[in-house]
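Structure data (mmCIF, C-alpha atoms and all ligand atoms) from coords_28.cif:
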```
data_query
#
loop_
_atom_site.label_atom_id
_atom_site.label_comp_id
_atom_site.auth_asym_id
_atom_site.auth_seq_id
_atom_site.Cartn_x
_atom_site.Cartn_y
_atom_site.Cartn_z
CA MET H 24 3.09 -53.37 52.67
CA SER H 25 5.52 -53.99 49.84
CA SER H 26 8.91 -55.55 50.31
CA ARG H 27 10.25 -53.36 47.44
CA SER H 28 12.57 -50.49 48.20
CA PRO H 29 10.73 -47.17 48.71
CA ASN H 30 13.11 -45.76 46.08
CA SER H 31 11.71 -48.02 43.37
CA LEU H 32 11.06 -46.04 40.19
CA ILE H 33 7.35 -46.82 40.20
CA ASP H 34 6.98 -46.29 43.92
CA LEU H 35 5.10 -43.03 43.52
CA LYS H 36 2.84 -43.01 46.54
CA PRO H 37 3.79 -41.08 49.66
CA ASN H 38 2.88 -44.06 51.89
CA ASN H 39 5.39 -46.20 49.97
CA GLN H 40 2.76 -48.50 48.50
CA LEU H 41 3.39 -49.66 44.97
CA CYS H 42 0.82 -48.83 42.31
CA SER H 43 -1.22 -51.87 41.45
CA ARG H 44 -1.17 -53.37 37.97
CA GLN H 45 -4.74 -52.17 37.53
CA GLU H 46 -3.81 -48.62 38.53
CA ILE H 47 -0.90 -48.60 36.11
CA LEU H 48 -3.06 -49.87 33.24
CA HIS H 49 -5.61 -47.17 34.07
CA LEU H 50 -2.78 -44.63 33.92
CA PHE H 51 -1.76 -45.99 30.49
CA SER H 52 -5.27 -45.67 29.10
CA THR H 53 -5.54 -42.11 30.45
CA VAL H 54 -2.28 -41.23 28.67
CA GLN H 55 -3.61 -42.76 25.47
CA LYS H 56 -6.83 -40.74 25.74
CA ASN H 57 -4.93 -37.48 26.37
CA ALA H 58 -2.45 -38.05 23.54
CA LYS H 59 -4.59 -36.19 21.04
CA PRO H 60 -5.92 -32.92 22.51
CA ASP H 61 -9.22 -31.70 21.14
CA PRO H 62 -8.30 -29.20 18.39
CA ALA H 63 -11.69 -27.51 18.83
CA GLN H 64 -10.54 -25.97 22.09
CA ASN H 65 -7.18 -24.51 23.05
CA LEU H 66 -7.46 -25.55 26.71
CA GLY H 67 -4.33 -27.48 27.55
CA ARG H 68 -2.76 -26.74 24.18
CA THR H 69 0.76 -25.41 24.01
CA ALA H 70 2.92 -23.38 21.65
CA ALA H 71 6.64 -24.17 21.60
CA LEU H 72 8.98 -21.19 21.31
CA VAL H 73 12.48 -22.41 20.48
CA PHE H 74 14.76 -19.37 20.53
CA LEU H 75 18.31 -20.47 19.82
CA GLU H 76 19.37 -16.81 19.48
CA ALA H 77 18.69 -13.92 21.84
CA SER H 78 15.44 -11.95 21.60
CA THR H 79 13.28 -9.61 23.63
CA ARG H 80 10.60 -8.19 21.32
CA THR H 81 9.92 -11.18 19.10
CA ARG H 82 9.88 -13.76 21.88
CA LEU H 83 7.74 -11.77 24.31
CA SER H 84 5.30 -10.67 21.62
CA PHE H 85 4.87 -14.27 20.40
CA GLU H 86 4.39 -15.30 24.05
CA THR H 87 1.75 -12.60 24.54
CA ALA H 88 0.04 -13.62 21.31
CA CYS H 89 -0.06 -17.27 22.38
CA VAL H 90 -1.47 -16.44 25.82
CA ARG H 91 -4.16 -14.29 24.20
CA LEU H 92 -5.10 -17.23 21.99
CA GLY H 93 -5.32 -19.57 24.98
CA LEU H 94 -2.08 -21.42 24.14
CA HIS H 95 0.40 -22.01 26.93
CA PRO H 96 3.89 -21.02 25.73
CA LEU H 97 6.72 -23.54 26.27
CA ILE H 98 9.99 -21.67 26.01
CA VAL H 99 13.53 -22.66 25.12
CA SER H 100 15.55 -19.47 25.35
CA GLY H 101 19.22 -19.97 24.57
CA LYS H 102 21.40 -22.83 25.71
CA SER H 103 21.40 -22.19 29.43
CA GLY H 104 19.48 -24.76 31.43
CA THR H 105 18.65 -26.90 28.38
CA SER H 106 20.30 -29.96 26.88
CA LEU H 107 21.81 -27.71 24.20
CA GLU H 108 24.43 -27.22 26.92
CA LYS H 109 25.14 -30.94 26.71
CA GLY H 110 25.66 -30.77 22.97
CA GLU H 111 22.14 -31.54 21.72
CA THR H 112 21.61 -29.93 18.32
CA GLY H 113 19.04 -27.26 17.52
CA ARG H 114 17.36 -29.65 15.09
CA ASP H 115 17.06 -32.39 17.71
CA THR H 116 15.80 -29.84 20.24
CA ILE H 117 12.98 -28.84 17.89
CA HIS H 118 12.16 -32.46 17.03
CA ASN H 119 11.95 -33.35 20.73
CA VAL H 120 9.79 -30.34 21.55
CA ALA H 121 7.56 -31.14 18.54
CA ALA H 122 7.21 -34.69 19.88
CA MET H 123 5.33 -33.14 22.85
CA ASN H 124 2.65 -32.14 20.34
CA PRO H 125 2.44 -28.34 20.65
CA ALA H 126 -0.10 -26.67 18.35
CA VAL H 127 2.65 -24.64 16.70
CA VAL H 128 6.45 -24.34 16.85
CA ILE H 129 8.04 -20.88 16.68
CA VAL H 130 11.77 -20.81 15.93
CA ARG H 131 14.57 -18.27 16.02
CA SER H 132 17.93 -19.52 14.85
CA GLY H 133 21.10 -18.72 12.97
CA ASP H 134 21.63 -19.48 9.27
CA ASP H 135 23.15 -22.85 10.21
CA LEU H 136 19.77 -24.39 11.10
CA ASP H 137 17.62 -25.38 8.11
CA GLN H 138 14.24 -24.08 9.33
CA GLU H 139 12.57 -24.94 6.03
CA LYS H 140 13.66 -28.59 6.18
CA ILE H 141 12.61 -28.91 9.84
CA ALA H 142 9.22 -27.39 8.98
CA ASP H 143 8.76 -30.26 6.51
CA GLU H 144 9.89 -32.83 9.05
CA ILE H 145 7.52 -31.95 11.92
CA GLN H 146 3.76 -32.45 12.09
CA MET H 147 2.68 -28.95 13.11
CA PRO H 148 3.18 -25.46 11.58
CA LEU H 149 6.59 -23.86 12.14
CA LEU H 150 6.77 -20.06 12.25
CA ASN H 151 10.05 -18.26 11.49
CA ALA H 152 10.84 -15.82 14.31
CA GLY H 153 14.14 -14.73 12.77
CA TRP H 154 16.48 -16.92 10.74
CA GLY H 155 20.14 -15.80 10.58
CA LYS H 156 20.55 -13.29 7.76
CA LYS H 157 17.93 -15.06 5.66
CA GLY H 158 14.76 -13.43 6.93
CA HIS H 159 12.56 -12.10 9.69
CA PRO H 160 9.15 -12.11 8.01
CA THR H 161 7.03 -11.25 11.06
CA GLN H 162 9.19 -8.15 11.63
CA ALA H 163 8.78 -6.99 8.02
CA LEU H 164 5.02 -7.58 8.29
CA LEU H 165 4.70 -5.56 11.50
CA ASP H 166 6.79 -2.75 9.98
CA ALA H 167 4.55 -2.65 6.92
CA TYR H 168 1.45 -2.83 9.12
CA THR H 169 2.71 0.10 11.22
CA ILE H 170 3.06 2.28 8.12
CA TRP H 171 -0.25 1.06 6.66
CA ASN H 172 -2.02 1.71 9.96
CA ARG H 173 -0.62 5.26 10.14
CA ARG H 174 -1.16 6.22 6.51
CA GLY H 175 -4.15 4.10 5.53
CA ARG H 176 -2.02 2.64 2.71
CA ILE H 177 1.41 1.15 2.09
CA GLU H 178 1.64 1.11 -1.71
CA GLY H 179 3.79 3.96 -3.01
CA GLU H 180 5.60 4.36 0.35
CA LYS H 181 9.33 5.02 -0.12
CA ILE H 182 11.35 3.42 2.66
CA LEU H 183 15.01 4.32 3.06
CA ILE H 184 16.80 1.50 4.92
CA VAL H 185 19.94 2.91 6.50
CA GLY H 186 22.87 0.93 7.83
CA ASP H 187 23.96 -2.67 7.98
CA VAL H 188 21.69 -4.04 5.26
CA ARG H 189 24.12 -6.80 4.26
CA HIS H 190 23.77 -8.59 7.61
CA SER H 191 20.10 -7.79 8.22
CA ARG H 192 17.36 -10.43 8.07
CA VAL H 193 14.82 -7.63 8.48
CA ALA H 194 16.03 -6.02 5.23
CA SER H 195 15.98 -9.42 3.46
CA SER H 196 12.31 -9.88 4.34
CA HIS H 197 11.47 -6.33 3.26
CA PHE H 198 13.00 -7.01 -0.17
CA GLU H 199 10.37 -9.74 -0.63
CA LEU H 200 7.46 -7.97 1.03
CA ALA H 201 7.96 -4.72 -0.94
CA GLN H 202 7.25 -6.58 -4.16
CA ILE H 203 4.05 -8.07 -2.79
CA LEU H 204 2.71 -4.89 -1.19
CA GLY H 205 4.01 -2.38 -3.74
CA TYR H 206 6.22 -0.12 -1.66
CA GLU H 207 9.65 1.12 -2.73
CA ILE H 208 12.95 0.53 -0.97
CA ALA H 209 16.26 2.36 -1.24
CA LEU H 210 19.41 1.67 0.74
CA CYS H 211 21.94 3.94 2.40
CA GLY H 212 25.14 3.02 4.22
CA PRO H 213 28.85 2.39 3.83
CA GLU H 214 29.67 0.18 0.84
CA GLU H 215 30.73 -2.75 3.06
CA TYR H 216 27.29 -2.75 4.72
CA LEU H 217 25.29 -2.84 1.50
CA PRO H 218 24.50 -6.07 -0.39
CA GLU H 219 26.87 -6.76 -3.27
CA THR H 220 23.97 -7.30 -5.66
CA ALA H 221 21.18 -5.24 -4.18
CA GLY H 222 19.11 -4.41 -7.24
CA PHE H 223 17.81 -1.37 -5.32
CA LYS H 224 18.44 2.33 -5.54
CA THR H 225 21.32 3.23 -3.19
CA PHE H 226 22.38 6.53 -1.67
CA ALA H 227 25.87 7.22 -0.34
CA ASP H 228 24.59 10.48 1.09
CA LEU H 229 21.97 10.29 3.87
CA ARG H 230 20.65 13.76 2.97
CA GLU H 231 19.77 12.63 -0.58
CA GLY H 232 18.22 9.40 0.69
CA LEU H 233 16.03 11.30 3.15
CA GLN H 234 14.95 13.68 0.38
CA TRP H 235 13.83 10.70 -1.73
CA SER H 236 12.06 8.81 1.06
CA THR H 237 8.78 9.02 2.98
CA SER H 238 9.89 6.68 5.80
CA VAL H 239 13.33 5.91 7.17
CA MET H 240 14.34 2.69 8.90
CA ALA H 241 17.61 2.64 10.83
CA LEU H 242 19.23 -0.75 11.32
CA ARG H 243 21.47 -1.85 14.14
CA VAL H 244 25.03 -2.72 13.13
CA GLN H 245 24.89 -6.52 13.46
CA THR H 246 28.28 -6.88 15.15
CA GLU H 247 27.61 -10.56 15.93
CA ARG H 248 27.40 -11.37 12.20
CA HIS H 249 30.54 -9.50 11.10
CA ALA H 250 33.52 -11.73 10.42
CA GLY H 251 36.33 -9.20 10.96
CA GLY H 252 34.76 -6.65 13.32
CA ALA H 253 32.29 -3.91 12.49
CA LYS H 254 32.78 -0.27 11.57
CA MET H 255 31.01 1.56 14.36
CA GLY H 256 31.28 4.61 16.55
CA ARG H 257 31.53 8.31 15.93
CA ASP H 258 32.30 8.23 12.17
CA TYR H 259 29.32 6.03 11.45
CA ALA H 260 26.98 8.11 13.62
CA GLU H 261 28.11 11.36 11.98
CA ILE H 262 27.59 10.11 8.44
CA TYR H 263 24.60 7.75 8.76
CA GLY H 264 23.06 8.27 12.20
CA LEU H 265 19.53 9.51 12.81
CA ASN H 266 20.36 12.19 15.38
CA LEU H 267 20.16 15.89 16.18
CA ARG H 268 22.28 16.62 13.11
CA SER H 269 20.12 14.68 10.61
CA LEU H 270 16.64 15.13 12.15
CA PRO H 271 16.14 18.56 10.50
CA LEU H 272 16.52 16.83 7.09
CA LEU H 273 13.37 14.77 7.66
CA LYS H 274 10.01 15.90 6.31
CA LYS H 275 7.14 16.73 8.63
CA ASP H 276 5.35 13.48 7.87
CA HIS H 277 8.37 11.19 7.67
CA LEU H 278 8.04 8.05 9.81
CA ILE H 279 11.10 6.85 11.74
CA LEU H 280 11.32 3.07 12.17
CA HIS H 281 13.80 0.75 13.85
CA PRO H 282 13.30 -2.99 14.44
CA GLY H 283 15.25 -2.83 17.72
CA PRO H 284 17.31 -3.26 19.73
CA VAL H 285 18.95 0.14 19.20
CA ASN H 286 22.54 1.20 19.77
CA TYR H 287 22.13 4.76 21.04
CA GLY H 288 24.74 7.12 19.65
CA VAL H 289 25.44 4.89 16.65
CA GLU H 290 22.56 4.41 14.15
CA ILE H 291 20.14 6.50 16.22
CA ASP H 292 20.23 8.76 19.23
CA GLU H 293 17.72 9.47 21.98
CA ALA H 294 16.35 12.58 20.21
CA ALA H 295 15.43 10.63 17.07
CA TYR H 296 14.08 7.69 19.08
CA ARG H 297 11.74 10.00 20.98
CA ASP H 298 10.93 12.32 18.05
CA SER H 299 7.19 12.74 17.35
CA ARG H 300 7.74 11.07 13.95
CA SER H 301 9.20 7.94 15.57
CA VAL H 302 6.95 4.87 15.52
CA ILE H 303 9.52 2.56 17.11
CA LEU H 304 7.45 1.58 20.15
CA GLU H 305 4.32 1.42 17.99
CA GLN H 306 6.16 -1.25 15.96
CA VAL H 307 6.59 -3.25 19.17
CA THR H 308 2.90 -2.95 20.06
CA ASN H 309 1.90 -3.94 16.53
CA GLY H 310 4.24 -6.93 16.74
CA VAL H 311 1.86 -8.58 19.19
CA GLY H 312 -1.15 -8.09 16.90
CA ILE H 313 0.66 -9.34 13.80
CA ARG H 314 1.99 -12.42 15.61
CA GLN H 315 -1.36 -13.14 17.17
CA ALA H 316 -2.99 -13.06 13.74
CA LEU H 317 -0.26 -15.30 12.30
CA VAL H 318 -0.46 -17.89 15.08
CA ALA H 319 -4.28 -17.93 14.76
CA ARG H 320 -3.90 -18.39 11.00
CA ALA H 321 -1.47 -21.26 11.56
CA LEU H 322 -3.92 -22.92 13.95
CA GLU H 323 -6.74 -22.60 11.45
CA GLY H 324 -4.67 -23.58 8.44
CA GLY H 325 -2.92 -26.54 10.03
CA LYS H 326 0.37 -27.62 8.52
CA ARG H 327 0.31 -25.11 5.67
N1 LIG H 401 13.36 -6.85 16.20
C1 LIG H 401 13.69 -7.98 16.88
O1 LIG H 401 13.72 -9.07 16.32
O2 LIG H 401 13.98 -7.78 18.19
P1 LIG H 401 14.40 -8.95 19.17
O3 LIG H 401 15.73 -9.49 18.70
O4 LIG H 401 14.48 -8.34 20.53
O5 LIG H 401 13.36 -10.03 19.08
#
```

Would you write the structure of this file as structure tokens?
Ligand code: CP
Amino acid sequence: MSSRSPNSLIDLKPNNQLCSRQEILHLFSTVQKNAKPDPAQNLGRTAALVFLEASTRTRLSFETACVRLGLHPLIVSGKSGTSLEKGETGRDTIHNVAAMNPAVVIVRSGDDLDQEKIADEIQMPLLNAGWGKKGHPTQALLDAYTIWNRRGRIEGEKILIVGDVRHSRVASSHFELAQILGYEIALCGPEEYLPETAGFKTFADLREGLQWSTSVMALRVQTERHAGGAKMGRDYAEIYGLNLRSLPLLKKDHLILHPGPVNYGVEIDEAAYRDSRSVILEQVTNGVGIRQALVARALEGGKR
């Protein structure tokens, strides 16, 4: 029996016996052996999801995708219960999670975090799950996939993006993706919600925009990214909302998209959300498939 206190840090056994030197060295060599998981099989491999901003669809669809690929998701979701509460930075959080050697790191953050720099600093692929106003590439991809899957093509599609384009990372990613895939974009919304230098066709009148378009995407007013409060409520809904008043202006084969979450009674109402032309929940379903394919691609492609 040992004379050491049973509270000794290495006193791990329930019968209060200390581990022997030999046992501890065996433990060390086991740790060394396990340090590099076999990349040929996903058993025991993890995917780190570091979500520094709120999310439902993106986080849960990435989680589902990881589970389907045999990766166990490790989740940081907001500050609560993590050392972010103690003042640890987002960058340090990601570096520490990456030090646990997940197969991939998936990050949602504000503009303040330099995701691109961190991607260069860590050893594994980093996937952008929404980055401030800069971009939300997996959302743009799943939107484009949803249209492509419905129509059998995406080139030539004319998407009217309505609402708070200036503060939307989804719109930013569509600006890039449209050029690659060959679809057209036009914008509609109050002047203060449109980018100062858009370089896209804009419509002040929703009716004209709907006439031009083949699909319409309503955006949530991003109140959390507005410096001096956002213009919302009845005026906005009457002029720009997809609702009982504007639904009759849509063509029979228009597609109604929304990245979610929605503010009912503002940019969209229940009737438009549930209209037969709405593919909003289809977008969510397709989000799992797109993210699964992207995580698989990251695993195959390694760092790049
Ligand atoms: N569209 C989207 O990013 O939704 P979440 O914020 O719920 O992930």

Contacts to ligand LIG 401 (chain H) at 9 Å cut-off (all atoms listed in the file) as a PyMOL selection string: chain H and resi 76-84+131+152-153+159+161-162+193+281-284+307

Which residue of H:Leu165, H:Leu242, H:Ala88, H:Leu265 approaches Ala194 (chain H) most closely, using only C-alpha atoms: H:Leu242

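For the residues H:Ala70, H:Glu108, H:Asp166, H:His118, ranking by smallest atom-to-atom distance to Arg91 (chain H) using all atoms listed in the file places H:Ala70 first.
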
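Nearest residue to Arg192 (chain H) among H:Glu207, H:Asp134, H:Asp298, H:Glu219 is H:Asp134, counting all atoms listed in the file.
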
Among the residues H:Ile279, H:Leu229, H:Cys42, H:Ile203, the one that comes closest to Gln306 (chain H) [using all atoms listed in the file]: H:Ile279

Pick from H:Lys109, H:His277, H:Arg297, H:Arg230, whichever lies nearest to Glu180 (chain H) using all atoms listed in the file: H:His277

Point (4.3, 5.6, 11.8) neighbourhood (12 Å, all atoms listed in the file) written as a ChimeraX atom specification: /H:165-177,180,182,237-240,275-281,298-309

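Between CA of Leu72 (chain H) and CA of Lys156 (chain H) the interatomic distance comes to 19.5 Å.
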
Point (16.4, 19.5, 6.7) neighbourhood (9 Å, all atoms listed in the file) written as a tab-separated table (two decimals) with C-alpha atoms, in the coordinates of the input:
```
chain	number	residue	atom	x	y	z
H	230	ARG	CA	20.65	13.76	2.97
H	233	LEU	CA	16.03	11.30	3.15
H	234	GLN	CA	14.95	13.68	0.38
H	269	SER	CA	20.12	14.68	10.61
H	270	LEU	CA	16.64	15.13	12.15
H	271	PRO	CA	16.14	18.56	10.50
H	272	LEU	CA	16.52	16.83	7.09
H	273	LEU	CA	13.37	14.77	7.66
H	274	LYS	CA	10.01	15.90	6.31
```

Excluding Ala142 (chain H) and any residue of its chain fewer than 5 positions from it, enumerate the residues within 12 Å of it, using all atoms listed in the file, and give them as an mmCIF file with C-alpha atoms, in the frame of the given file.
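Final file, around_19.cif:
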```cif
data_model
loop_
_atom_site.group_PDB
_atom_site.id
_atom_site.type_symbol
_atom_site.label_atom_id
_atom_site.label_comp_id
_atom_site.auth_asym_id
_atom_site.auth_seq_id
_atom_site.Cartn_x
_atom_site.Cartn_y
_atom_site.Cartn_z
ATOM 1 C CA ARG H 114 17.360 -29.650 15.090
ATOM 2 C CA ILE H 117 12.980 -28.840 17.890
ATOM 3 C CA HIS H 118 12.160 -32.460 17.030
ATOM 4 C CA ALA H 121 7.560 -31.140 18.540
ATOM 5 C CA VAL H 127 2.650 -24.640 16.700
ATOM 6 C CA VAL H 128 6.450 -24.340 16.850
ATOM 7 C CA ILE H 129 8.040 -20.880 16.680
ATOM 8 C CA VAL H 130 11.770 -20.810 15.930
ATOM 9 C CA LEU H 136 19.770 -24.390 11.100
ATOM 10 C CA ASP H 137 17.620 -25.380 8.110
ATOM 11 C CA MET H 147 2.680 -28.950 13.110
ATOM 12 C CA PRO H 148 3.180 -25.460 11.580
ATOM 13 C CA LEU H 149 6.590 -23.860 12.140
ATOM 14 C CA LEU H 150 6.770 -20.060 12.250
ATOM 15 C CA ASN H 151 10.050 -18.260 11.490
ATOM 16 C CA LYS H 326 0.370 -27.620 8.520
ATOM 17 C CA ARG H 327 0.310 -25.110 5.670
#
```

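Atom to atom, CA of Phe226 (chain H) and CA of Cys211 (chain H) stand 4.8 Å apart.
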
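The space separating CA of Cys89 (chain H) from CA of Arg68 (chain H) comes to 10.0 Å.
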
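Considering all atoms listed in the file, the residue among H:Tyr296, H:Tyr216, H:Tyr259, H:Phe74 positioned nearest to Ser103 (chain H) is H:Phe74.
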
Who sits within 10 Å of Leu94 (chain H), all atoms listed in the file, same chain under 2 positions skipped, as a VMD selection string: chain H and resid 64 to 71 86 to 92 96 to 97 125 to 127 318

Would you place a box with edges along x, y and z of the file around all atoms of region 142-148 of chain H listed there, add 8 Å to each of its six sides, and report the centre and edge lengths in Å to one decimal, as JSON?
```
{"center_x": 6.3, "center_y": -29.1, "center_z": 9.8, "size_x": 23.2, "size_y": 23.4, "size_z": 22.6}
```
